[in-house]
>>> print(open('protein-v8.pdb').read())   # PDB, C-alpha atoms
ATOM      1  CA  MET A  73      24.232 100.117  66.997
ATOM      2  CA  ALA A  74      27.751 100.818  65.814
ATOM      3  CA  ARG A  75      30.519 100.812  68.377
ATOM      4  CA  LYS A  76      32.831 102.434  65.856
ATOM      5  CA  ALA A  77      34.316 105.718  67.003
ATOM      6  CA  LEU A  78      32.821 108.738  65.277
ATOM      7  CA  SER A  79      35.090 111.223  63.590
ATOM      8  CA  GLU A  80      35.470 114.555  65.382
ATOM      9  CA  ALA A  81      33.278 116.209  62.740
ATOM     10  CA  GLU A  82      30.566 113.564  63.164
ATOM     11  CA  ALA A  83      30.687 113.905  66.958
ATOM     12  CA  ARG A  84      30.445 117.708  66.731
ATOM     13  CA  ALA A  85      27.467 117.438  64.401
ATOM     14  CA  GLN A  86      25.666 115.133  66.821
ATOM     15  CA  LEU A  87      26.617 117.264  69.793
ATOM     16  CA  ALA A  88      25.044 120.281  68.120
ATOM     17  CA  GLN A  89      21.693 118.500  68.501
ATOM     18  CA  LEU A  90      22.171 118.118  72.256
ATOM     19  CA  PRO A  91      22.353 121.585  73.780
ATOM     20  CA  ASP A  92      22.534 120.295  77.364
ATOM     21  CA  TRP A  93      25.673 118.287  76.730
ATOM     22  CA  GLN A  94      29.264 119.330  76.372
ATOM     23  CA  LEU A  95      32.539 117.636  75.522
ATOM     24  CA  ARG A  96      34.848 117.208  78.500
ATOM     25  CA  ASP A  97      38.127 115.357  78.056
ATOM     26  CA  GLY A  98      36.688 113.869  74.880
ATOM     27  CA  LYS A  99      33.624 112.504  76.693
ATOM     28  CA  LEU A 100      29.992 113.567  76.600
ATOM     29  CA  PHE A 101      29.161 115.299  79.851
ATOM     30  CA  ARG A 102      25.935 116.513  81.426
ATOM     31  CA  GLU A 103      25.051 117.490  84.968
ATOM     32  CA  LEU A 104      21.445 117.456  86.186
ATOM     33  CA  THR A 105      19.836 118.764  89.349
ATOM     34  CA  PHE A 106      16.556 117.265  90.489
ATOM     35  CA  ALA A 107      14.024 118.283  93.127
ATOM     36  CA  SER A 108      15.145 115.573  95.560
ATOM     37  CA  PHE A 109      17.108 112.360  95.940
ATOM     38  CA  VAL A 110      13.960 110.398  95.108
ATOM     39  CA  GLU A 111      13.674 112.178  91.770
ATOM     40  CA  ALA A 112      17.394 111.881  91.065
ATOM     41  CA  PHE A 113      17.477 108.185  91.801
ATOM     42  CA  GLY A 114      14.221 107.653  89.936
ATOM     43  CA  PHE A 115      15.900 109.113  86.875
ATOM     44  CA  MET A 116      18.935 106.896  87.429
ATOM     45  CA  SER A 117      16.794 103.778  87.793
ATOM     46  CA  ALA A 118      15.017 104.478  84.526
ATOM     47  CA  LEU A 119      18.242 105.228  82.699
ATOM     48  CA  ALA A 120      19.856 102.096  84.159
ATOM     49  CA  LEU A 121      17.244  99.991  82.361
ATOM     50  CA  HIS A 122      17.985 101.720  79.075
ATOM     51  CA  ALA A 123      21.723 101.340  79.612
ATOM     52  CA  GLU A 124      21.389  97.634  80.250
ATOM     53  CA  LYS A 125      19.128  97.195  77.225
ATOM     54  CA  LEU A 126      21.609  99.042  75.012
ATOM     55  CA  ASP A 127      24.484  97.182  76.681
ATOM     56  CA  HIS A 128      26.078 100.579  77.025
ATOM     57  CA  HIS A 129      26.565 102.037  80.469
ATOM     58  CA  PRO A 130      27.328 105.497  81.788
ATOM     59  CA  ASP A 131      30.069 106.643  84.090
ATOM     60  CA  TRP A 132      27.901 108.513  86.542
ATOM     61  CA  ARG A 133      28.000 110.109  89.933
ATOM     62  CA  ASN A 134      25.190 111.030  92.270
ATOM     63  CA  VAL A 135      25.281 113.366  95.248
ATOM     64  CA  TYR A 136      21.836 113.814  96.791
ATOM     65  CA  ASN A 137      19.773 115.575  94.091
ATOM     66  CA  ARG A 138      22.546 115.912  91.532
ATOM     67  CA  VAL A 139      23.555 113.443  88.846
ATOM     68  CA  SER A 140      26.519 113.892  86.548
ATOM     69  CA  LEU A 141      26.931 111.723  83.487
ATOM     70  CA  GLU A 142      29.989 110.956  81.410
ATOM     71  CA  LEU A 143      29.516 108.937  78.243
ATOM     72  CA  TRP A 144      32.272 107.363  76.209
ATOM     73  CA  THR A 145      32.817 104.037  74.486
ATOM     74  CA  HIS A 146      35.738 102.234  76.030
ATOM     75  CA  ASP A 147      35.861  99.523  73.338
ATOM     76  CA  ALA A 148      36.085 102.100  70.561
ATOM     77  CA  GLY A 149      38.397 104.476  72.391
ATOM     78  CA  GLY A 150      36.098 107.363  71.598
ATOM     79  CA  LEU A 151      32.530 108.544  71.143
ATOM     80  CA  THR A 152      30.154 106.335  69.200
ATOM     81  CA  ALA A 153      26.530 106.418  68.090
ATOM     82  CA  LEU A 154      25.710 104.562  71.313
ATOM     83  CA  ASP A 155      26.906 107.453  73.449
ATOM     84  CA  PHE A 156      24.610 109.841  71.621
ATOM     85  CA  GLU A 157      21.714 107.409  71.811
ATOM     86  CA  LEU A 158      22.170 107.081  75.582
ATOM     87  CA  ALA A 159      22.445 110.869  75.871
ATOM     88  CA  ARG A 160      19.179 111.337  73.990
ATOM     89  CA  ARG A 161      17.457 108.799  76.213
ATOM     90  CA  ALA A 162      18.831 110.540  79.307
ATOM     91  CA  ASP A 163      17.449 113.847  78.035
ATOM     92  CA  ALA A 164      14.037 112.315  77.372
ATOM     93  CA  LEU A 165      13.913 110.759  80.837
ATOM     94  CA  ALA A 166      15.215 113.854  82.597
ATOM     95  CA  ALA A 167      12.247 115.796  81.260
ATOM     96  CA  ARG A 168       9.938 113.410  83.141
ATOM     97  CA  PHE A 169      11.471 113.815  86.587
ATOM     98  CA  THR A 170      10.982 116.900  88.734
ATOM     99  CA  ARG A 171      13.857 119.331  88.691
TER     100      ARG A 171
ATOM    101  CA  MET B1352      20.643 109.319 114.803
ATOM    102  CA  ALA B1353      23.110 111.998 115.756
ATOM    103  CA  ARG B1354      24.365 114.312 113.065
ATOM    104  CA  LYS B1355      27.066 115.559 115.403
ATOM    105  CA  ALA B1356      30.593 115.119 114.107
ATOM    106  CA  LEU B1357      32.532 112.354 115.818
ATOM    107  CA  SER B1358      35.926 113.099 117.301
ATOM    108  CA  GLU B1359      38.853 111.675 115.376
ATOM    109  CA  ALA B1360      39.322 109.017 118.086
ATOM    110  CA  GLU B1361      35.660 108.039 117.879
ATOM    111  CA  ALA B1362      35.812 107.850 114.099
ATOM    112  CA  ARG B1363      38.965 105.718 114.199
ATOM    113  CA  ALA B1364      37.350 103.353 116.702
ATOM    114  CA  GLN B1365      34.324 102.901 114.452
ATOM    115  CA  LEU B1366      36.471 102.534 111.346
ATOM    116  CA  ALA B1367      38.364  99.703 113.025
ATOM    117  CA  GLN B1368      35.107  97.727 112.887
ATOM    118  CA  LEU B1369      34.833  98.211 109.115
ATOM    119  CA  PRO B1370      37.835  96.558 107.462
ATOM    120  CA  ASP B1371      36.605  97.249 103.921
ATOM    121  CA  TRP B1372      36.503 101.002 104.454
ATOM    122  CA  GLN B1373      39.241 103.561 104.599
ATOM    123  CA  LEU B1374      39.494 107.261 105.326
ATOM    124  CA  ARG B1375      40.138 109.358 102.237
ATOM    125  CA  ASP B1376      40.224 113.142 102.578
ATOM    126  CA  GLY B1377      38.384 112.764 105.874
ATOM    127  CA  LYS B1378      35.575 110.784 104.256
ATOM    128  CA  LEU B1379      34.644 107.118 104.501
ATOM    129  CA  PHE B1380      35.556 105.429 101.252
ATOM    130  CA  ARG B1381      34.891 101.981  99.814
ATOM    131  CA  GLU B1382      35.066 100.630  96.284
ATOM    132  CA  LEU B1383      33.148  97.506  95.250
ATOM    133  CA  THR B1384      33.292  95.365  92.150
ATOM    134  CA  PHE B1385      30.274  93.271  91.220
ATOM    135  CA  ALA B1386      29.723  90.493  88.701
ATOM    136  CA  SER B1387      27.828  92.763  86.299
ATOM    137  CA  PHE B1388      26.044  96.076  85.916
ATOM    138  CA  VAL B1389      22.793  94.388  86.958
ATOM    139  CA  GLU B1390      24.363  93.335  90.252
ATOM    140  CA  ALA B1391      26.032  96.719  90.783
ATOM    141  CA  PHE B1392      22.860  98.667  90.146
ATOM    142  CA  GLY B1393      20.844  96.166  92.191
ATOM    143  CA  PHE B1394      23.113  96.972  95.112
ATOM    144  CA  MET B1395      22.718 100.692  94.460
ATOM    145  CA  SER B1396      18.929 100.432  94.311
ATOM    146  CA  ALA B1397      18.796  98.644  97.639
ATOM    147  CA  LEU B1398      21.184 101.090  99.270
ATOM    148  CA  ALA B1399      19.235 104.034  97.832
ATOM    149  CA  LEU B1400      16.191 102.913  99.821
ATOM    150  CA  HIS B1401      18.220 102.771 102.999
ATOM    151  CA  ALA B1402      19.769 106.147 102.297
ATOM    152  CA  GLU B1403      16.386 107.727 101.789
ATOM    153  CA  LYS B1404      15.011 106.112 104.939
ATOM    154  CA  LEU B1405      17.983 107.367 106.966
ATOM    155  CA  ASP B1406      17.754 110.726 105.205
ATOM    156  CA  HIS B1407      21.472 110.364 104.669
ATOM    157  CA  HIS B1408      22.803 109.934 101.169
ATOM    158  CA  PRO B1409      26.095 108.783  99.699
ATOM    159  CA  ASP B1410      28.346 110.486  97.230
ATOM    160  CA  TRP B1411      28.729 107.595  94.842
ATOM    161  CA  ARG B1412      29.957 106.758  91.403
ATOM    162  CA  ASN B1413      29.205 103.811  89.184
ATOM    163  CA  VAL B1414      31.090 102.604  86.136
ATOM    164  CA  TYR B1415      29.659  99.370  84.758
ATOM    165  CA  ASN B1416      30.259  96.797  87.503
ATOM    166  CA  ARG B1417      32.092  99.072  89.917
ATOM    167  CA  VAL B1418      30.627 101.286  92.611
ATOM    168  CA  SER B1419      32.639 103.669  94.750
ATOM    169  CA  LEU B1420      31.139 105.230  97.834
ATOM    170  CA  GLU B1421      32.149 108.305  99.782
ATOM    171  CA  LEU B1422      30.336 109.015 103.025
ATOM    172  CA  TRP B1423      30.498 112.243 104.962
ATOM    173  CA  THR B1424      28.007 114.458 106.755
ATOM    174  CA  HIS B1425      27.854 117.830 105.108
ATOM    175  CA  ASP B1426      25.719 119.401 107.860
ATOM    176  CA  ALA B1427      28.198 118.382 110.544
ATOM    177  CA  GLY B1428      31.322 119.116 108.540
ATOM    178  CA  GLY B1429      32.670 115.675 109.359
ATOM    179  CA  LEU B1430      31.897 112.026 109.973
ATOM    180  CA  THR B1431      28.897 111.169 112.100
ATOM    181  CA  ALA B1432      27.188 108.042 113.402
ATOM    182  CA  LEU B1433      25.011 108.187 110.274
ATOM    183  CA  ASP B1434      27.988 107.675 107.999
ATOM    184  CA  PHE B1435      28.979 104.551 109.866
ATOM    185  CA  GLU B1436      25.401 103.297 109.897
ATOM    186  CA  LEU B1437      25.146 103.736 106.117
ATOM    187  CA  ALA B1438      28.543 102.033 105.703
ATOM    188  CA  ARG B1439      27.374  99.035 107.740
ATOM    189  CA  ARG B1440      24.198  98.793 105.679
ATOM    190  CA  ALA B1441      26.242  98.987 102.473
ATOM    191  CA  ASP B1442      28.433  96.148 103.713
ATOM    192  CA  ALA B1443      25.431  94.013 104.609
ATOM    193  CA  LEU B1444      23.850  94.594 101.206
ATOM    194  CA  ALA B1445      27.081  94.086  99.277
ATOM    195  CA  ALA B1446      27.308  90.583 100.698
ATOM    196  CA  ARG B1447      24.004  89.763  99.032
ATOM    197  CA  PHE B1448      24.924  90.761  95.493
ATOM    198  CA  THR B1449      27.227  88.721  93.264
ATOM    199  CA  ARG B1450      30.789  89.936  93.064
TER     200      ARG B1450
END
>>> encode(input="protein-v8.pdb", output="structure tokens")
Amino acid sequence: MARKALSEAEARAQLAQLPDWQLRDGKLFRELTFASFVEAFGFMSALALHAEKLDHHPDWRNVYNRVSLELWTHDAGGLTALDFELARRADALAARFTR
Amino acid sequence: MARKALSEAEARAQLAQLPDWQLRDGKLFRELTFASFVEAFGFMSALALHAEKLDHHPDWRNVYNRVSLELWTHDAGGLTALDFELARRADALAARFTR
């Protein structure tokens, strides 16, 4: 999947498909709250496998039942198709863990 | 294990036993760099089990092969024996993952 930075118009068009995400300092950002640490870390474990498979990894923070995600492509100096793919996978996984 | 806040002298005495940790904004802080994301998340997965068993969870952030940890006891409004126990377990685990 292309690691070429998307134009701002392309990024905005993709972002429009992801209502739970916002742009923050040029990065894709989402915060999730789960029912417990077990659910939060379960989500993280699943997403970690996807990240490794995509060879594209999040900048993420966890505090008990909360997970915040920041996606950006360092190599491209911007947002790429990979960031949106990881965001979509995060959304799909999040729906499977108790919140 | 006690969730009672340690005095500053007690906290300093315990910190002296943990050379890889520092106090930052009153919290225990350590940053680790691993050989890869797989190693970093392997460490996190192991520590997550300990955290859940202790019912004491870190505030942590991961970016690719780096993990930063902040430990503090919200309920006590300070550092407790649990923070130092989790720090010691993190140190023991970190030694087992490739860095």
>>> closest_atom_pairs(input="protein-v8.pdb", of="chain B", to="chain A", cutoff="12 Å", atoms="all atoms listed in the file", output="Markdown table")
| residue | atom | partner | partner_atom | distance |
| --- | --- | --- | --- | --- |
| B:Ser1387 | CA | A:Glu124 | CA | 10.1 |
| B:Phe1388 | CA | A:Glu124 | CA | 7.5 |
| B:Val1389 | CA | A:Glu124 | CA | 7.6 |
| B:Glu1390 | CA | A:Glu124 | CA | 11.3 |
| B:Ala1391 | CA | A:Ala120 | CA | 10.5 |
| B:Phe1392 | CA | A:Ala120 | CA | 7.5 |
| B:Gly1393 | CA | A:Ser117 | CA | 9.7 |
| B:Phe1394 | CA | A:Ser117 | CA | 11.8 |
| B:Met1395 | CA | A:Ser117 | CA | 9.4 |
| B:Ser1396 | CA | A:Ser117 | CA | 7.6 |
| B:Ala1397 | CA | A:Phe113 | CA | 11.3 |
| B:Leu1398 | CA | A:Phe113 | CA | 10.9 |
| B:Ala1399 | CA | A:Phe113 | CA | 7.5 |
| B:Leu1400 | CA | A:Val110 | CA | 9.1 |
| B:His1401 | CA | A:Val110 | CA | 11.8 |
| B:Ala1402 | CA | A:Phe109 | CA | 9.3 |
| B:Glu1403 | CA | A:Phe109 | CA | 7.5 |
| B:Lys1404 | CA | A:Val110 | CA | 10.8 |
| B:Asp1406 | CA | A:Phe109 | CA | 9.4 |
| B:His1407 | CA | A:Tyr136 | CA | 8.6 |
| B:His1408 | CA | A:Tyr136 | CA | 5.9 |
| B:Pro1409 | CA | A:Val135 | CA | 6.4 |
| B:Asp1410 | CA | A:Val135 | CA | 4.6 |
| B:Trp1411 | CA | A:Asn134 | CA | 5.6 |
| B:Arg1412 | CA | A:Arg133 | CA | 4.1 |
| B:Asn1413 | CA | A:Trp132 | CA | 5.5 |
| B:Val1414 | CA | A:Asp131 | CA | 4.6 |
| B:Tyr1415 | CA | A:His129 | CA | 5.9 |
| B:Asn1416 | CA | A:His129 | CA | 9.5 |
| B:Arg1417 | CA | A:Asp131 | CA | 9.8 |
| B:Val1418 | CA | A:Arg133 | CA | 9.6 |
| B:Ser1419 | CA | A:Arg133 | CA | 9.3 |
| B:Leu1420 | CA | A:Arg133 | CA | 9.8 |
| B:Glu1421 | CA | A:Val135 | CA | 9.7 |
| B:Leu1422 | CA | A:Val135 | CA | 10.2 |
| B:Trp1423 | CA | A:Val135 | CA | 11.1 |
| B:Thr1424 | CA | A:Tyr136 | CA | 11.7 |
| B:His1425 | CA | A:Tyr136 | CA | 11.0 |
>>> atom_distance(input="protein-v8.pdb", atom1="CA of Asp92 in chain A", atom2="CA of Leu104 in chain A")
9.3 Å
>>> axis_aligned_box(input="protein-v8.pdb", around="range 1397-1407 of chain B", padding_each_side="4 Å", output="lines of an AutoDock Vina configuration file")
center_x = 18.2
center_y = 104.7
center_z = 102.3
size_x = 14.5
size_y = 20.1
size_z = 17.3
>>> resolve_selection(input="protein-v8.pdb", expression="the PyMOL selection byres ((chain A and resi 80) around 12)", output="VMD selection string")
chain A and resid 77 to 79 81 to 87 95 98 to 99 150 to 152
>>> write_last_selection(input="protein-v8.pdb", atoms="C-alpha atoms", output="PDB file, in the frame of the given file")
ATOM      1  CA  ALA A  77      34.316 105.718  67.003  1.00  0.00           C
ATOM      2  CA  LEU A  78      32.821 108.738  65.277  1.00  0.00           C
ATOM      3  CA  SER A  79      35.090 111.223  63.590  1.00  0.00           C
ATOM      4  CA  ALA A  81      33.278 116.209  62.740  1.00  0.00           C
ATOM      5  CA  GLU A  82      30.566 113.564  63.164  1.00  0.00           C
ATOM      6  CA  ALA A  83      30.687 113.905  66.958  1.00  0.00           C
ATOM      7  CA  ARG A  84      30.445 117.708  66.731  1.00  0.00           C
ATOM      8  CA  ALA A  85      27.467 117.438  64.401  1.00  0.00           C
ATOM      9  CA  GLN A  86      25.666 115.133  66.821  1.00  0.00           C
ATOM     10  CA  LEU A  87      26.617 117.264  69.793  1.00  0.00           C
ATOM     11  CA  LEU A  95      32.539 117.636  75.522  1.00  0.00           C
ATOM     12  CA  GLY A  98      36.688 113.869  74.880  1.00  0.00           C
ATOM     13  CA  LYS A  99      33.624 112.504  76.693  1.00  0.00           C
ATOM     14  CA  GLY A 150      36.098 107.363  71.598  1.00  0.00           C
ATOM     15  CA  LEU A 151      32.530 108.544  71.143  1.00  0.00           C
ATOM     16  CA  THR A 152      30.154 106.335  69.200  1.00  0.00           C
TER      17      THR A 152
END
>>> atom_distance(input="protein-v8.pdb", atom1="CA of Phe1448 in chain B", atom2="CA of Leu158 in chain A")
25.9 Å
>>> closest_residue(input="protein-v8.pdb", among="B:Thr1384, B:Ala1432, B:Ala1427, B:Leu1405", to="Arg1450 in chain B", atoms="all atoms listed in the file")
B:Thr1384
>>> atom_distance(input="protein-v8.pdb", atom1="CA of Ala166 in chain A", atom2="CA of Asp97 in chain A")
23.4 Å
>>> decode(input="protein-v8.pdb", residues="range 138-167 of chain A", atoms="N, CA and C atoms", output="mmCIF file, in the first residue's frame")
data_model
loop_
_atom_site.group_PDB
_atom_site.id
_atom_site.type_symbol
_atom_site.label_atom_id
_atom_site.label_comp_id
_atom_site.auth_asym_id
_atom_site.auth_seq_id
_atom_site.Cartn_x
_atom_site.Cartn_y
_atom_site.Cartn_z
ATOM 1 N N ARG A 138 -8.916 3.407 28.615
ATOM 2 C CA ARG A 138 -8.912 4.341 27.496
ATOM 3 C C ARG A 138 -7.694 4.121 26.590
ATOM 4 N N VAL A 139 -7.944 4.232 25.309
ATOM 5 C CA VAL A 139 -6.868 4.107 24.318
ATOM 6 C C VAL A 139 -6.976 5.299 23.382
ATOM 7 N N SER A 140 -5.896 6.027 23.210
ATOM 8 C CA SER A 140 -5.895 7.073 22.191
ATOM 9 C C SER A 140 -4.888 6.696 21.108
ATOM 10 N N LEU A 141 -5.283 6.975 19.897
ATOM 11 C CA LEU A 141 -4.508 6.580 18.715
ATOM 12 C C LEU A 141 -4.155 7.805 17.887
ATOM 13 N N GLU A 142 -2.914 7.876 17.475
ATOM 14 C CA GLU A 142 -2.483 8.895 16.526
ATOM 15 C C GLU A 142 -1.814 8.196 15.366
ATOM 16 N N LEU A 143 -2.298 8.456 14.171
ATOM 17 C CA LEU A 143 -1.756 7.788 12.979
ATOM 18 C C LEU A 143 -1.171 8.835 12.036
ATOM 19 N N TRP A 144 -0.028 8.486 11.505
ATOM 20 C CA TRP A 144 0.734 9.389 10.645
ATOM 21 C C TRP A 144 1.828 8.565 10.019
ATOM 22 N N THR A 145 2.295 8.933 8.842
ATOM 23 C CA THR A 145 3.355 8.157 8.207
ATOM 24 C C THR A 145 4.651 8.945 8.210
ATOM 25 N N HIS A 146 5.519 8.555 9.106
ATOM 26 C CA HIS A 146 6.779 9.270 9.304
ATOM 27 C C HIS A 146 7.573 9.359 8.000
ATOM 28 N N ASP A 147 7.689 8.228 7.300
ATOM 29 C CA ASP A 147 8.490 8.183 6.064
ATOM 30 C C ASP A 147 7.980 9.157 5.007
ATOM 31 N N ALA A 148 6.679 9.360 4.986
ATOM 32 C CA ALA A 148 6.085 10.223 3.950
ATOM 33 C C ALA A 148 5.925 11.657 4.444
ATOM 34 N N GLY A 149 6.112 11.855 5.737
ATOM 35 C CA GLY A 149 5.916 13.202 6.282
ATOM 36 C C GLY A 149 4.474 13.666 6.194
ATOM 37 N N GLY A 150 3.547 12.727 6.248
ATOM 38 C CA GLY A 150 2.144 13.110 6.166
ATOM 39 C C GLY A 150 1.248 11.896 6.295
ATOM 40 N N LEU A 151 -0.016 12.078 5.952
ATOM 41 C CA LEU A 151 -0.972 10.968 5.985
ATOM 42 C C LEU A 151 -0.926 10.203 4.672
ATOM 43 N N THR A 152 -1.001 8.897 4.774
ATOM 44 C CA THR A 152 -0.993 8.048 3.582
ATOM 45 C C THR A 152 -2.187 7.089 3.640
ATOM 46 N N ALA A 153 -2.333 6.324 2.565
ATOM 47 C CA ALA A 153 -3.400 5.321 2.512
ATOM 48 C C ALA A 153 -3.276 4.334 3.674
ATOM 49 N N LEU A 154 -2.047 4.079 4.109
ATOM 50 C CA LEU A 154 -1.831 3.153 5.222
ATOM 51 C C LEU A 154 -2.462 3.642 6.520
ATOM 52 N N ASP A 155 -2.395 4.940 6.747
ATOM 53 C CA ASP A 155 -3.008 5.485 7.966
ATOM 54 C C ASP A 155 -4.514 5.251 7.961
ATOM 55 N N PHE A 156 -5.124 5.449 6.810
ATOM 56 C CA PHE A 156 -6.576 5.251 6.729
ATOM 57 C C PHE A 156 -6.936 3.775 6.800
ATOM 58 N N GLU A 157 -6.086 2.930 6.246
ATOM 59 C CA GLU A 157 -6.335 1.490 6.350
ATOM 60 C C GLU A 157 -6.251 1.048 7.814
ATOM 61 N N LEU A 158 -5.246 1.521 8.534
ATOM 62 C CA LEU A 158 -5.116 1.154 9.947
ATOM 63 C C LEU A 158 -6.292 1.721 10.759
ATOM 64 N N ALA A 159 -6.726 2.912 10.418
ATOM 65 C CA ALA A 159 -7.881 3.510 11.096
ATOM 66 C C ALA A 159 -9.138 2.670 10.878
ATOM 67 N N ARG A 160 -9.337 2.222 9.641
ATOM 68 C CA ARG A 160 -10.520 1.398 9.364
ATOM 69 C C ARG A 160 -10.454 0.079 10.129
ATOM 70 N N ARG A 161 -9.259 -0.493 10.191
ATOM 71 C CA ARG A 161 -9.131 -1.753 10.944
ATOM 72 C C ARG A 161 -9.363 -1.512 12.437
ATOM 73 N N ALA A 162 -8.884 -0.394 12.942
ATOM 74 C CA ALA A 162 -9.122 -0.067 14.357
ATOM 75 C C ALA A 162 -10.621 0.070 14.620
ATOM 76 N N ASP A 163 -11.319 0.730 13.715
ATOM 77 C CA ASP A 163 -12.771 0.887 13.873
ATOM 78 C C ASP A 163 -13.471 -0.473 13.888
ATOM 79 N N ALA A 164 -13.062 -1.339 12.958
ATOM 80 C CA ALA A 164 -13.700 -2.656 12.869
ATOM 81 C C ALA A 164 -13.447 -3.456 14.145
ATOM 82 N N LEU A 165 -12.239 -3.393 14.657
ATOM 83 C CA LEU A 165 -11.913 -4.123 15.885
ATOM 84 C C LEU A 165 -12.630 -3.515 17.086
ATOM 85 N N ALA A 166 -12.653 -2.203 17.145
ATOM 86 C CA ALA A 166 -13.257 -1.537 18.310
ATOM 87 C C ALA A 166 -14.692 -1.975 18.500
ATOM 88 N N ALA A 167 -15.374 -2.238 17.385
ATOM 89 C CA ALA A 167 -16.780 -2.638 17.446
ATOM 90 C C ALA A 167 -16.933 -4.020 18.088
#
